[in-house]
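*Asks:* After the structure tokens below, expect a handful of questions from me.
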Amino acid sequence: MRKLLSILVALSLCASFASLSLAEEETREVIFWHAMGGVNGEMITQLTDEYNETLGKEQGIHVTAIFQGLYADMRTKFMGAIQAQDMANLPDIVQMGASALGMMQEVQEVVWFEDILAMDTTMKLEDFEPKFVRSFSAEGRALGVPFASSTVILYYNEDMLREAGIEAPPATLAEMGEAAAKLYKEENGEPVQWGFVCQPGSWFMSSWIGMQASSEGNYSYIGNNADGREGVMTQVVFDEEGTMKRFLENYKAACEAGHFKVTSTNDLEEFAAGKVAMYIGSTSAFASVLQTVGDKFSFGCAFMPTVTAEDVGGVAAGGSSLYLLNRGDEQKMTDALRFLEYMTSAETQFKWHEGTGYFPVNVNAYDLPQMAERLEQYPQVQVMIDQLQASDPHVQEPLTGVSGTIDSSFMENILGVVTDELTIDEAVENMADEINEALEAYLQTLG
């Protein structure tokens with residue numbers, strides 16, 4: 001009898017182990033590299049967990065989301081694996097910022113969004129905001145899958161503006177200078193409150209250059225060939241077309257009139273602490289602004305000030321996209337595609353927007369009843385949407401492999417102008433020379 005019981009127990013244990021082994025085999029893993037830290041990173045984890053517990057469980061898929069550092073660190077790690085052809089250690093999906101588009105265009109393992117849409121998928125091009133699709137397109141073809149899309153917006157302390165007698169947020173750089181002058185305060189010869197803080201980099205300048213009218217329309221480009229979206233960008237055009245000089249003339253005048261704070265380690269923290277009344281930041285920071293400001297004061301959002309009153313206005317649609325990689329495993333690609341469908345669905349995109357501030361890339365999210373409730377609660381979000389809709393889709397960040405050089409060149413030379421270390425003409429020439437030299441070196445690597 002004991003022998004029979006032992007046999008039955010053994011058979012039961014074998015069956016249990018076999019069942020567990022089968023379950024493990026049926027659950028297929030998808031590796032997702034992302035570049036979101038802080039509040040945004042927490043939302044990535046939350047959404048991934050929700051997928052794994054619902055659709056993923058039904059589909060036999062488990063997604064492992066791995067934070068690989070911010071965009072610069074991500075690019076280094078990703079390109080290191082690509083150059084080493086280390087397919088085993090590449091992810092199935094990777095998140096990259098808009099400035100990496102030129103680099104991703106050259107990666108053979110990337111499956112273009114246009115090709116993804118031709119696969120067996122529920123995703124449709126018409127469900128995505130066209131401006132964000134253009135942000136991640138090259139040569140007229142959609143490359144990255146829009147996911148965490150944003151623009152810049154003006155954040156302002158409503159209480160401070162009211163106390164200073166400013167009835168409306170500034171709409172131009174000149175008005176920004178006038179408003180900042182009224183908001184600036186000193187004690188014992190030292191500034192204790194600034195009206196405006198800003199150190200323009202490439203994203204800001206993509207808007208301030210891009211919003212200036214040209215012979216082509218209500219937009220201009222930083223570089224030739226439509227900023228690299230209609231052919232390879234080989235040189236800048238802001239020097240010859242005078243758009244950079246026009247910006248610097250107006251920006252320097254506003255800076256001098258308003259005593260702008262021209263450097264900052266953390267604009268949001270200074271804003272929340274009441275040290276500055278206005279700053280330009282990403283719409284994606286909205287959740288962080290809400291959290292950091294709390295009930296200290298009321299804040300509003302306004303369109304990014306135009307260079308002059310003649311400019312129609314418009315901001316570059318930045319952010320990041322998701323890239324599906326072909327590592328030679330069809331099943332992996334199919335599984336990764338299921339996760340992409342979930343992450344870009346209207347419902348998930350609303351959750352992502354609500355938890356972060358990024359725009360929903362799926363236009364159907366704007367028809368959800370919860371979006372109407374959110375807009376009623378936070379009118380600042382409606383301002384963000386209005387600015388996006390009013391912006392020309394041609395206003396974009398340059399598509400090039402030298403985005404880091406463009407960013408640092410802009411920041412250093414503009415700072416040189418406002419601190420009187422450089423003349424405007426010297427700064428424009430420096431920027432053109434530095435970026436063109438970097439472009440020439442980059443193009444040589446392409447063969």
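Simple scheme: letters A, B, ... for chains in structure tokens order, numbers from 1 for residues in each chain, numbers from 1 for ligands in the order shown.
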Hey, what's within 9 Å of range 50-63 of chain A if we count only C-alpha atoms and toss same-chain stuff fewer than 5 positions away? As a PDB file with N, CA, C and O atoms, in the first residue's frame, please?
*Replies:*
ATOM      1  N   ALA A  23       3.954  25.770 -18.750  1.00  0.00           N
ATOM      2  CA  ALA A  23       3.518  27.157 -18.593  1.00  0.00           C
ATOM      3  C   ALA A  23       4.656  28.113 -18.885  1.00  0.00           C
ATOM      4  O   ALA A  23       4.480  29.155 -19.511  1.00  0.00           O
ATOM      5  N   GLU A  26       5.213  28.335 -22.531  1.00  0.00           N
ATOM      6  CA  GLU A  26       4.161  29.044 -23.245  1.00  0.00           C
ATOM      7  C   GLU A  26       4.274  30.560 -23.087  1.00  0.00           C
ATOM      8  O   GLU A  26       3.772  31.313 -23.890  1.00  0.00           O
ATOM      9  N   THR A  27       4.919  31.012 -21.998  1.00  0.00           N
ATOM     10  CA  THR A  27       5.092  32.444 -21.781  1.00  0.00           C
ATOM     11  C   THR A  27       6.379  32.898 -22.464  1.00  0.00           C
ATOM     12  O   THR A  27       7.473  32.502 -22.075  1.00  0.00           O
ATOM     13  N   ARG A  28       6.213  33.727 -23.471  1.00  0.00           N
ATOM     14  CA  ARG A  28       7.359  34.202 -24.258  1.00  0.00           C
ATOM     15  C   ARG A  28       7.729  35.615 -23.806  1.00  0.00           C
ATOM     16  O   ARG A  28       6.860  36.449 -23.576  1.00  0.00           O
ATOM     17  N   GLU A  29       9.020  35.868 -23.697  1.00  0.00           N
ATOM     18  CA  GLU A  29       9.479  37.154 -23.165  1.00  0.00           C
ATOM     19  C   GLU A  29       9.786  38.153 -24.271  1.00  0.00           C
ATOM     20  O   GLU A  29      10.379  37.829 -25.300  1.00  0.00           O
ATOM     21  N   VAL A  30       9.388  39.397 -24.037  1.00  0.00           N
ATOM     22  CA  VAL A  30       9.725  40.525 -24.903  1.00  0.00           C
ATOM     23  C   VAL A  30      10.533  41.509 -24.068  1.00  0.00           C
ATOM     24  O   VAL A  30      10.129  41.872 -22.960  1.00  0.00           O
ATOM     25  N   ILE A  31      11.672  41.922 -24.584  1.00  0.00           N
ATOM     26  CA  ILE A  31      12.542  42.865 -23.872  1.00  0.00           C
ATOM     27  C   ILE A  31      12.307  44.273 -24.416  1.00  0.00           C
ATOM     28  O   ILE A  31      12.394  44.522 -25.615  1.00  0.00           O
ATOM     29  N   PHE A  32      12.003  45.193 -23.510  1.00  0.00           N
ATOM     30  CA  PHE A  32      11.703  46.577 -23.857  1.00  0.00           C
ATOM     31  C   PHE A  32      12.664  47.506 -23.118  1.00  0.00           C
ATOM     32  O   PHE A  32      12.651  47.574 -21.894  1.00  0.00           O
ATOM     33  N   THR A  45       6.459  51.404 -15.898  1.00  0.00           N
ATOM     34  CA  THR A  45       6.341  50.170 -15.105  1.00  0.00           C
ATOM     35  C   THR A  45       4.880  49.802 -14.889  1.00  0.00           C
ATOM     36  O   THR A  45       4.491  48.633 -15.037  1.00  0.00           O
ATOM     37  N   ASP A 335       5.215  39.068 -31.102  1.00  0.00           N
ATOM     38  CA  ASP A 335       4.916  39.335 -29.702  1.00  0.00           C
ATOM     39  C   ASP A 335       5.160  40.804 -29.360  1.00  0.00           C
ATOM     40  O   ASP A 335       4.371  41.437 -28.648  1.00  0.00           O
ATOM     41  N   ALA A 336       6.258  41.349 -29.860  1.00  0.00           N
ATOM     42  CA  ALA A 336       6.580  42.761 -29.613  1.00  0.00           C
ATOM     43  C   ALA A 336       5.526  43.663 -30.242  1.00  0.00           C
ATOM     44  O   ALA A 336       5.169  44.705 -29.676  1.00  0.00           O
ATOM     45  N   ARG A 338       2.372  43.008 -30.550  1.00  0.00           N
ATOM     46  CA  ARG A 338       1.192  43.013 -29.685  1.00  0.00           C
ATOM     47  C   ARG A 338       1.333  44.065 -28.572  1.00  0.00           C
ATOM     48  O   ARG A 338       0.381  44.758 -28.208  1.00  0.00           O
ATOM     49  N   PHE A 339       2.540  44.172 -28.030  1.00  0.00           N
ATOM     50  CA  PHE A 339       2.792  45.150 -26.975  1.00  0.00           C
ATOM     51  C   PHE A 339       2.736  46.574 -27.533  1.00  0.00           C
ATOM     52  O   PHE A 339       2.211  47.483 -26.865  1.00  0.00           O
ATOM     53  N   TYR A 342      -0.822  47.657 -27.777  1.00  0.00           N
ATOM     54  CA  TYR A 342      -1.352  48.028 -26.463  1.00  0.00           C
ATOM     55  C   TYR A 342      -0.867  49.408 -26.041  1.00  0.00           C
ATOM     56  O   TYR A 342      -1.663  50.246 -25.584  1.00  0.00           O
ATOM     57  N   MET A 343       0.428  49.681 -26.207  1.00  0.00           N
ATOM     58  CA  MET A 343       1.008  50.935 -25.736  1.00  0.00           C
ATOM     59  C   MET A 343       0.513  52.144 -26.515  1.00  0.00           C
ATOM     60  O   MET A 343       0.548  53.272 -26.008  1.00  0.00           O
TER      61      MET A 343
END
*Asks:* I want to know what sits within 9 Å of Leu173 in chain A, based on only C-alpha atoms, with residues of the same chain fewer than 5 positions away left out; could you give that as a count of residues only?
*Replies:* 11
*Asks:* Show which residues sit within 6 Å of Gln95 in chain A, as JSON, numbers by chain. Count only C-alpha atoms, and ignore same-chain residues fewer than 4 positions away.
*Replies:* {"A": [34, 321, 322]}
*Asks:* Could you list, as a ChimeraX atom specification, every residue within 6 Å of range 292-295 of chain A, counting only C-alpha atoms and ignoring same-chain residues fewer than 3 positions away?
*Replies:* /A:272,288-289
*Asks:* Calculate how many Å separate CA of Ser345 in chain A from CA of Ala118 in chain A, rounding to one decimal.
*Replies:*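 Between CA of Ser345 in chain A and CA of Ala118 in chain A the gap is 17.4 Å.
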*Asks:* Taking into account only C-alpha atoms, which residue in the set A:Ala65, A:Ala148, A:Ile385, A:Ala98 is nearest to Thr400 in chain A?
*Replies:* A:Ala98
